[in-house]
file upload.cif (mmCIF, C-alpha atoms)
data_input
#
loop_
_atom_site.label_atom_id
_atom_site.label_comp_id
_atom_site.auth_asym_id
_atom_site.auth_seq_id
_atom_site.Cartn_x
_atom_site.Cartn_y
_atom_site.Cartn_z
CA MET R 1 -6.32 -45.38 -24.96
CA LYS R 2 -9.69 -44.22 -23.58
CA GLN R 3 -8.11 -43.46 -20.16
CA HIS R 4 -5.39 -41.44 -21.84
CA ILE R 5 -7.98 -39.32 -23.71
CA LEU R 6 -10.10 -38.88 -20.54
CA ARG R 7 -7.00 -37.85 -18.58
CA ALA R 8 -6.05 -35.32 -21.30
CA VAL R 9 -9.59 -33.86 -21.32
CA PHE R 10 -9.61 -33.67 -17.49
CA MET R 11 -6.22 -31.92 -17.41
CA THR R 12 -7.34 -29.47 -20.11
CA VAL R 13 -10.54 -28.59 -18.22
CA LEU R 14 -8.58 -28.24 -14.96
CA GLY R 15 -6.04 -25.98 -16.70
CA ILE R 16 -8.78 -23.75 -18.10
CA ALA R 17 -10.51 -23.55 -14.70
CA MET R 18 -7.26 -22.63 -12.98
CA SER R 19 -6.53 -19.87 -15.48
CA PHE R 20 -10.00 -18.34 -15.04
CA PRO R 21 -9.53 -15.76 -12.24
CA GLU R 22 -12.84 -16.33 -10.43
CA ALA R 23 -12.05 -20.03 -10.21
CA TRP R 24 -8.92 -19.48 -8.16
CA ALA R 25 -9.18 -15.96 -6.73
CA GLN R 26 -10.10 -17.35 -3.31
CA GLY R 27 -6.72 -18.18 -1.77
CA SER R 28 -4.46 -16.43 -4.27
CA LYS R 29 -1.69 -13.89 -3.95
CA PHE R 30 -2.11 -10.47 -5.50
CA SER R 31 0.70 -7.94 -5.76
CA THR R 32 2.05 -4.74 -7.27
CA SER R 33 5.34 -2.88 -7.39
CA THR R 34 3.75 0.29 -8.79
CA GLY R 35 1.44 1.28 -5.94
CA ASN R 36 0.78 4.97 -5.48
CA THR R 37 1.11 6.77 -2.14
CA ARG R 38 0.69 10.53 -1.88
CA PHE R 39 0.93 12.73 1.14
CA SER R 40 0.16 16.35 1.82
CA SER R 41 0.94 18.87 4.50
CA GLU R 42 -1.36 21.87 4.36
CA THR R 43 -0.88 25.00 6.46
CA PRO R 44 -1.93 28.63 5.95
CA LEU R 45 1.65 29.44 4.91
CA GLU R 46 2.53 26.54 2.63
CA ASN R 47 1.19 23.37 1.05
CA ILE R 48 3.59 20.48 0.55
CA ASN R 49 2.74 17.47 -1.60
CA ALA R 50 4.73 14.41 -2.60
CA GLU R 51 4.05 11.19 -4.47
CA ASN R 52 5.64 7.74 -4.58
CA LYS R 53 4.65 5.55 -7.55
CA LYS R 54 6.94 2.64 -6.65
CA CYS R 55 5.23 1.20 -3.57
CA GLN R 56 5.19 -2.56 -3.23
CA ALA R 57 2.14 -4.41 -1.89
CA ILE R 58 1.09 -8.02 -1.56
CA LEU R 59 -2.22 -9.53 -0.43
CA ASN R 60 -2.85 -13.17 0.36
CA THR R 61 -6.58 -13.76 -0.10
CA ALA R 62 -6.39 -17.15 1.64
CA ASN R 63 -5.73 -15.59 5.05
CA GLY R 64 -6.22 -11.82 4.51
CA GLU R 65 -2.59 -10.98 5.29
CA MET R 66 -1.09 -8.01 3.52
CA ALA R 67 2.21 -6.17 3.43
CA ILE R 68 3.14 -2.78 1.99
CA ARG R 69 6.65 -1.39 1.61
CA MET R 70 7.94 1.84 0.15
CA ASN R 71 11.32 3.48 -0.17
CA MET R 72 11.20 6.96 1.30
CA ARG R 73 13.63 8.33 -1.31
CA ASP R 74 11.08 7.43 -4.01
CA PHE R 75 8.78 10.27 -2.90
CA VAL R 76 8.91 12.99 -5.53
CA PHE R 77 8.24 16.61 -4.61
CA PRO R 78 7.52 19.51 -6.99
CA ASN R 79 10.52 21.29 -5.48
CA LYS R 80 13.94 19.57 -5.22
CA LEU R 81 14.81 21.53 -2.07
CA MET R 82 11.67 20.19 -0.34
CA GLN R 83 12.65 16.68 -1.38
CA GLU R 84 16.15 17.16 0.00
CA HIS R 85 14.85 18.53 3.33
CA PHE R 86 12.33 15.67 3.59
CA ASN R 87 15.01 13.01 3.11
CA GLU R 88 17.81 14.61 5.11
CA ASN R 89 16.13 16.58 7.91
CA TYR R 90 12.72 15.08 8.64
CA ILE R 91 12.40 11.44 7.58
CA GLU R 92 16.16 10.76 7.69
CA SER R 93 16.02 8.38 4.71
CA GLU R 94 19.65 7.35 5.11
CA LYS R 95 18.89 5.96 8.58
CA TYR R 96 15.23 4.94 7.97
CA PRO R 97 15.01 4.08 4.25
CA THR R 98 11.57 2.44 4.22
CA ALA R 99 8.05 2.72 5.56
CA THR R 100 5.99 -0.47 5.96
CA PHE R 101 2.60 -1.79 6.92
CA THR R 102 2.09 -5.46 7.73
CA GLY R 103 -1.29 -6.62 8.85
CA LYS R 104 -4.48 -8.45 8.15
CA ILE R 105 -7.79 -7.50 6.54
CA ASP R 106 -10.36 -7.31 9.37
CA ASN R 107 -13.56 -7.80 7.39
CA VAL R 108 -12.58 -10.06 4.50
CA PRO R 109 -14.72 -9.64 1.39
CA ASP R 110 -15.77 -12.48 -0.91
CA TYR R 111 -12.93 -12.35 -3.42
CA SER R 112 -14.88 -14.57 -5.83
CA LYS R 113 -17.50 -11.82 -6.35
CA ASN R 114 -16.67 -8.67 -8.28
CA GLY R 115 -17.65 -5.50 -6.45
CA GLN R 116 -16.54 -2.71 -4.14
CA TYR R 117 -16.24 -3.30 -0.40
CA ASP R 118 -15.55 -1.20 2.69
CA VAL R 119 -12.57 -2.78 4.43
CA SER R 120 -10.13 -2.16 7.23
CA ALA R 121 -6.77 -3.70 8.02
CA THR R 122 -5.08 -3.89 11.40
CA GLY R 123 -1.36 -4.26 11.76
CA LYS R 124 2.00 -2.64 12.35
CA PHE R 125 2.72 0.67 10.62
CA THR R 126 6.39 1.70 10.65
CA VAL R 127 7.69 5.14 9.64
CA HIS R 128 10.95 6.80 10.72
CA GLY R 129 11.91 3.66 12.64
CA VAL R 130 8.86 3.87 14.93
CA THR R 131 6.23 1.12 14.78
CA LYS R 132 2.63 1.76 15.81
CA GLU R 133 -0.36 -0.59 15.84
CA ARG R 134 -2.88 0.93 13.41
CA THR R 135 -6.22 0.12 11.87
CA LEU R 136 -6.48 1.65 8.41
CA LYS R 137 -9.85 1.95 6.68
CA GLY R 138 -10.37 1.95 2.96
CA LYS R 139 -12.12 0.53 -0.06
CA MET R 140 -11.39 -2.64 -1.96
CA LYS R 141 -12.58 -3.24 -5.50
CA VAL R 142 -12.50 -6.82 -6.73
CA ASP R 143 -12.51 -7.14 -10.51
CA GLY R 144 -11.55 -10.62 -11.69
CA ASP R 145 -7.79 -11.01 -11.47
CA LYS R 146 -7.35 -7.42 -10.21
CA ILE R 147 -7.89 -5.99 -6.72
CA THR R 148 -7.71 -2.24 -6.13
CA ILE R 149 -7.16 -1.00 -2.58
CA THR R 150 -7.58 2.67 -1.67
CA SER R 151 -7.16 4.33 1.70
CA ASN R 152 -7.04 7.83 3.15
CA PHE R 153 -5.53 8.23 6.61
CA GLU R 154 -3.56 10.58 8.83
CA VAL R 155 -0.05 10.28 10.26
CA PRO R 156 0.72 12.49 13.26
CA LEU R 157 4.41 13.44 13.16
CA THR R 158 4.76 13.02 16.93
CA ASP R 159 3.63 9.35 16.67
CA HIS R 160 6.79 8.61 14.69
CA LYS R 161 9.20 11.00 16.40
CA ILE R 162 9.52 13.18 13.31
CA GLU R 163 10.76 16.53 14.56
CA VAL R 164 10.12 19.81 12.79
CA PRO R 165 12.54 22.67 13.55
CA GLN R 166 10.88 25.67 15.21
CA VAL R 167 11.92 27.94 12.33
CA VAL R 168 9.62 26.03 9.87
CA PHE R 169 7.08 24.75 12.40
CA VAL R 170 4.26 26.92 10.97
CA LYS R 171 4.98 25.72 7.41
CA ILE R 172 4.60 21.99 8.09
CA ALA R 173 1.39 20.37 9.32
CA GLN R 174 1.74 18.29 12.45
CA VAL R 175 -0.66 15.70 10.99
CA ILE R 176 0.12 14.52 7.46
CA GLN R 177 -2.71 13.45 5.13
CA VAL R 178 -1.96 10.23 3.24
CA LYS R 179 -3.78 8.80 0.20
CA ALA R 180 -2.88 5.37 -1.11
CA GLU R 181 -4.00 3.45 -4.19
CA TYR R 182 -2.66 0.02 -5.05
CA VAL R 183 -3.82 -1.96 -8.08
CA LEU R 184 -2.83 -5.56 -7.39
CA THR R 185 -2.90 -8.32 -9.97
CA ALA R 186 -3.08 -12.03 -9.41
CA ALA R 187 0.22 -13.86 -9.29
CA LYS R 188 0.48 -16.40 -12.07
CA LYS R 189 0.23 -19.98 -10.89
#

call {"tool": "encode", "arguments": {"input": "upload.cif", "output": "structure tokens"}}
result
Amino acid sequence: MKQHILRAVFMTVLGIAMSFPEAWAQGSKFSTSTGNTRFSSETPLENINAENKKCQAILNTANGEMAIRMNMRDFVFPNKLMQEHFNENYIESEKYPTATFTGKIDNVPDYSKNGQYDVSATGKFTVHGVTKERTLKGKMKVDGDKITITSNFEVPLTDHKIEVPQVVFVKIAQVIQVKAEYVLTAAKK
């Protein structure tokens, strides 16, 4: 009888410890399917902005591996004609429906301590069917069972064989500015 009570107390304490985020954050998986990626093309003639609020991201804090995936058709433009041109003429969403980043955090923070950290991740960045090795810098905020990752970086169109017709060449920047924010939550164990 005493062993049964001790076992029940032990299992209860273990269950509480496992449900407390700081107790298991080291070595957990964090994810989101509502990550936000925005990009902008600014030229003297025209500014183009788009936003995708359906980006998927996952981070494994045990080994620092991360993966990000977004559907190109989920980018929303203020002008439907811009959106149509983006999908049909430039990014060719029918042929190249997704953009991805798979890599590893270079300078892994202590996930058990809340705070904001400068981080970078190195891996394979694929857009328009062209994969490039990239190191992306950003910030990571650890807050219990939530990790927020933000990054600002540039994507040269020529790196990914994205061609801009000469007739609109002066309206589209040759280097696109990208801003990403992903709020990941701990996967339930």

call {"tool": "closest_residue", "arguments": {"input": "upload.cif", "among": "R:Ala121, R:Leu136, R:Ile149, R:Val127", "to": "Glu181 of chain R", "atoms": "all atoms listed in the file"}}
result
R:Ile149

call {"tool": "residues_around", "arguments": {"input": "upload.cif", "residues": "Met66 of chain R", "least_positions_apart": "5", "cutoff": "6 Å", "atoms": "all atoms listed in the file", "output": "PyMOL selection string"}}
result
chain R and resi 58-59+102-104

call {"tool": "write_last_selection", "arguments": {"input": "upload.cif", "atoms": "C-alpha atoms", "output": "PDB file, in the frame of the given file"}}
result
ATOM      1  CA  ILE R  58       1.090  -8.020  -1.560  1.00  0.00           C
ATOM      2  CA  LEU R  59      -2.220  -9.530  -0.430  1.00  0.00           C
ATOM      3  CA  THR R 102       2.090  -5.460   7.730  1.00  0.00           C
ATOM      4  CA  GLY R 103      -1.290  -6.620   8.850  1.00  0.00           C
ATOM      5  CA  LYS R 104      -4.480  -8.450   8.150  1.00  0.00           C
TER       6      LYS R 104
END

call {"tool": "resolve_selection", "arguments": {"input": "upload.cif", "expression": "the PyMOL selection byres ((chain R and resi 176) around 6)", "output": "count of residues only"}}
result
6

call {"tool": "resolve_selection", "arguments": {"input": "upload.cif", "expression": "the PyMOL selection byres ((chain R and resi 106-120) around 8)", "output": "MDAnalysis selection string"}}
result
chainID R and resid 22:23 25:26 61 64 104:105 121:122 135:144

call {"tool": "resolve_selection", "arguments": {"input": "upload.cif", "expression": "the PyMOL selection byres ((chain R and resi 98) around 9)", "output": "compact mmCIF listing (two decimals) with C-alpha atoms, in the frame of the given file"}}
result
# COMPACT_ATOMS: atom_id res chain seq x y z
CA ARG R 69 6.65 -1.39 1.61
CA MET R 70 7.94 1.84 0.15
CA ASN R 71 11.32 3.48 -0.17
CA MET R 72 11.20 6.96 1.30
CA ARG R 73 13.63 8.33 -1.31
CA SER R 93 16.02 8.38 4.71
CA TYR R 96 15.23 4.94 7.97
CA PRO R 97 15.01 4.08 4.25
CA ALA R 99 8.05 2.72 5.56
CA THR R 100 5.99 -0.47 5.96
CA THR R 126 6.39 1.70 10.65
CA VAL R 127 7.69 5.14 9.64
CA HIS R 128 10.95 6.80 10.72
CA GLY R 129 11.91 3.66 12.64

call {"tool": "closest_residue", "arguments": {"input": "upload.cif", "among": "R:Glu163, R:Thr185, R:Ile172, R:Ala67", "to": "Gly123 of chain R", "atoms": "all atoms listed in the file"}}
result
R:Ala67

call {"tool": "residues_around", "arguments": {"input": "upload.cif", "residues": "segment 47-53 of chain R", "least_positions_apart": "2", "cutoff": "7 Å", "atoms": "all atoms listed in the file", "output": "number ranges by chain"}}
result
R: 34-43, 55, 74-77

call {"tool": "residues_around", "arguments": {"input": "upload.cif", "residues": "Phe101 of chain R", "least_positions_apart": "6", "cutoff": "6 Å", "atoms": "all atoms listed in the file", "output": "number ranges by chain"}}
result
R: 67-68, 124-125

call {"tool": "build_atoms", "arguments": {"input": "upload.cif", "residues": "segment 176-187 of chain R", "atoms": "all heavy atoms", "output": "CSV table (one decimal), in the frame of the given file"}}
result
chain,number,residue,atom,x,y,z
R,176,ILE,N,0.0,14.6,8.9
R,176,ILE,CA,0.1,14.5,7.5
R,176,ILE,C,-1.0,13.7,6.9
R,176,ILE,O,-1.4,12.6,7.5
R,176,ILE,CB,1.5,13.8,7.1
R,176,ILE,CG1,2.6,14.6,7.7
R,176,ILE,CG2,1.6,13.7,5.6
R,176,ILE,CD1,2.7,16.1,7.3
R,177,GLN,N,-1.6,14.2,5.8
R,177,GLN,CA,-2.7,13.4,5.1
R,177,GLN,C,-2.1,12.5,4.1
R,177,GLN,O,-1.3,12.9,3.3
R,177,GLN,CB,-3.6,14.4,4.4
R,177,GLN,CG,-4.2,15.5,5.3
R,177,GLN,CD,-5.1,14.9,6.5
R,177,GLN,OE1,-5.9,14.1,6.2
R,177,GLN,NE2,-4.8,15.4,7.7
R,178,VAL,N,-2.5,11.2,4.1
R,178,VAL,CA,-2.0,10.2,3.2
R,178,VAL,C,-3.1,9.6,2.4
R,178,VAL,O,-4.2,9.3,2.9
R,178,VAL,CB,-1.2,9.1,4.0
R,178,VAL,CG1,-0.7,8.1,3.1
R,178,VAL,CG2,-0.1,9.7,4.9
R,179,LYS,N,-2.8,9.5,1.1
R,179,LYS,CA,-3.8,8.8,0.2
R,179,LYS,C,-3.0,7.7,-0.5
R,179,LYS,O,-2.0,8.0,-1.1
R,179,LYS,CB,-4.4,9.8,-0.8
R,179,LYS,CG,-5.2,10.8,-0.2
R,179,LYS,CD,-5.8,11.8,-1.2
R,179,LYS,CE,-6.7,12.8,-0.5
R,179,LYS,NZ,-7.5,13.6,-1.4
R,180,ALA,N,-3.5,6.5,-0.5
R,180,ALA,CA,-2.9,5.4,-1.1
R,180,ALA,C,-3.8,4.7,-2.1
R,180,ALA,O,-5.0,4.6,-1.8
R,180,ALA,CB,-2.4,4.4,0.0
R,181,GLU,N,-3.2,4.2,-3.2
R,181,GLU,CA,-4.0,3.4,-4.2
R,181,GLU,C,-3.1,2.4,-4.8
R,181,GLU,O,-2.0,2.7,-5.3
R,181,GLU,CB,-4.6,4.3,-5.3
R,181,GLU,CG,-5.3,3.5,-6.3
R,181,GLU,CD,-6.0,4.3,-7.4
R,181,GLU,OE1,-5.7,5.5,-7.6
R,181,GLU,OE2,-6.9,3.7,-8.1
R,182,TYR,N,-3.5,1.1,-4.6
R,182,TYR,CA,-2.7,0.0,-5.0
R,182,TYR,C,-3.5,-0.9,-5.9
R,182,TYR,O,-4.6,-1.3,-5.5
R,182,TYR,CB,-2.1,-0.8,-3.9
R,182,TYR,CG,-1.3,0.0,-2.9
R,182,TYR,CD1,-1.8,0.2,-1.6
R,182,TYR,CD2,-0.2,0.7,-3.3
R,182,TYR,CE1,-1.1,0.9,-0.7
R,182,TYR,CE2,0.5,1.5,-2.4
R,182,TYR,CZ,0.1,1.6,-1.1
R,182,TYR,OH,0.8,2.4,-0.2
R,183,VAL,N,-3.1,-1.1,-7.2
R,183,VAL,CA,-3.8,-2.0,-8.1
R,183,VAL,C,-3.0,-3.2,-8.1
R,183,VAL,O,-1.9,-3.3,-8.7
R,183,VAL,CB,-4.0,-1.3,-9.5
R,183,VAL,CG1,-4.7,-2.3,-10.4
R,183,VAL,CG2,-4.7,0.0,-9.4
R,184,LEU,N,-3.5,-4.3,-7.5
R,184,LEU,CA,-2.8,-5.6,-7.4
R,184,LEU,C,-3.4,-6.5,-8.4
R,184,LEU,O,-4.6,-6.6,-8.7
R,184,LEU,CB,-3.0,-6.2,-6.0
R,184,LEU,CG,-2.4,-5.4,-4.8
R,184,LEU,CD1,-3.3,-4.2,-4.4
R,184,LEU,CD2,-2.1,-6.3,-3.7
R,185,THR,N,-2.5,-7.3,-9.0
R,185,THR,CA,-2.9,-8.3,-10.0
R,185,THR,C,-2.5,-9.7,-9.4
R,185,THR,O,-1.6,-9.8,-8.6
R,185,THR,CB,-2.3,-8.1,-11.3
R,185,THR,OG1,-0.8,-8.0,-11.2
R,185,THR,CG2,-2.8,-6.8,-12.0
R,186,ALA,N,-3.3,-10.7,-9.9
R,186,ALA,CA,-3.1,-12.0,-9.4
R,186,ALA,C,-1.7,-12.6,-9.9
R,186,ALA,O,-1.3,-12.4,-11.0
R,186,ALA,CB,-4.2,-12.9,-9.9
R,187,ALA,N,-1.0,-13.2,-8.9
R,187,ALA,CA,0.2,-13.9,-9.3
R,187,ALA,C,-0.1,-15.1,-10.2
R,187,ALA,O,-1.1,-15.8,-9.9
R,187,ALA,CB,0.9,-14.3,-8.0
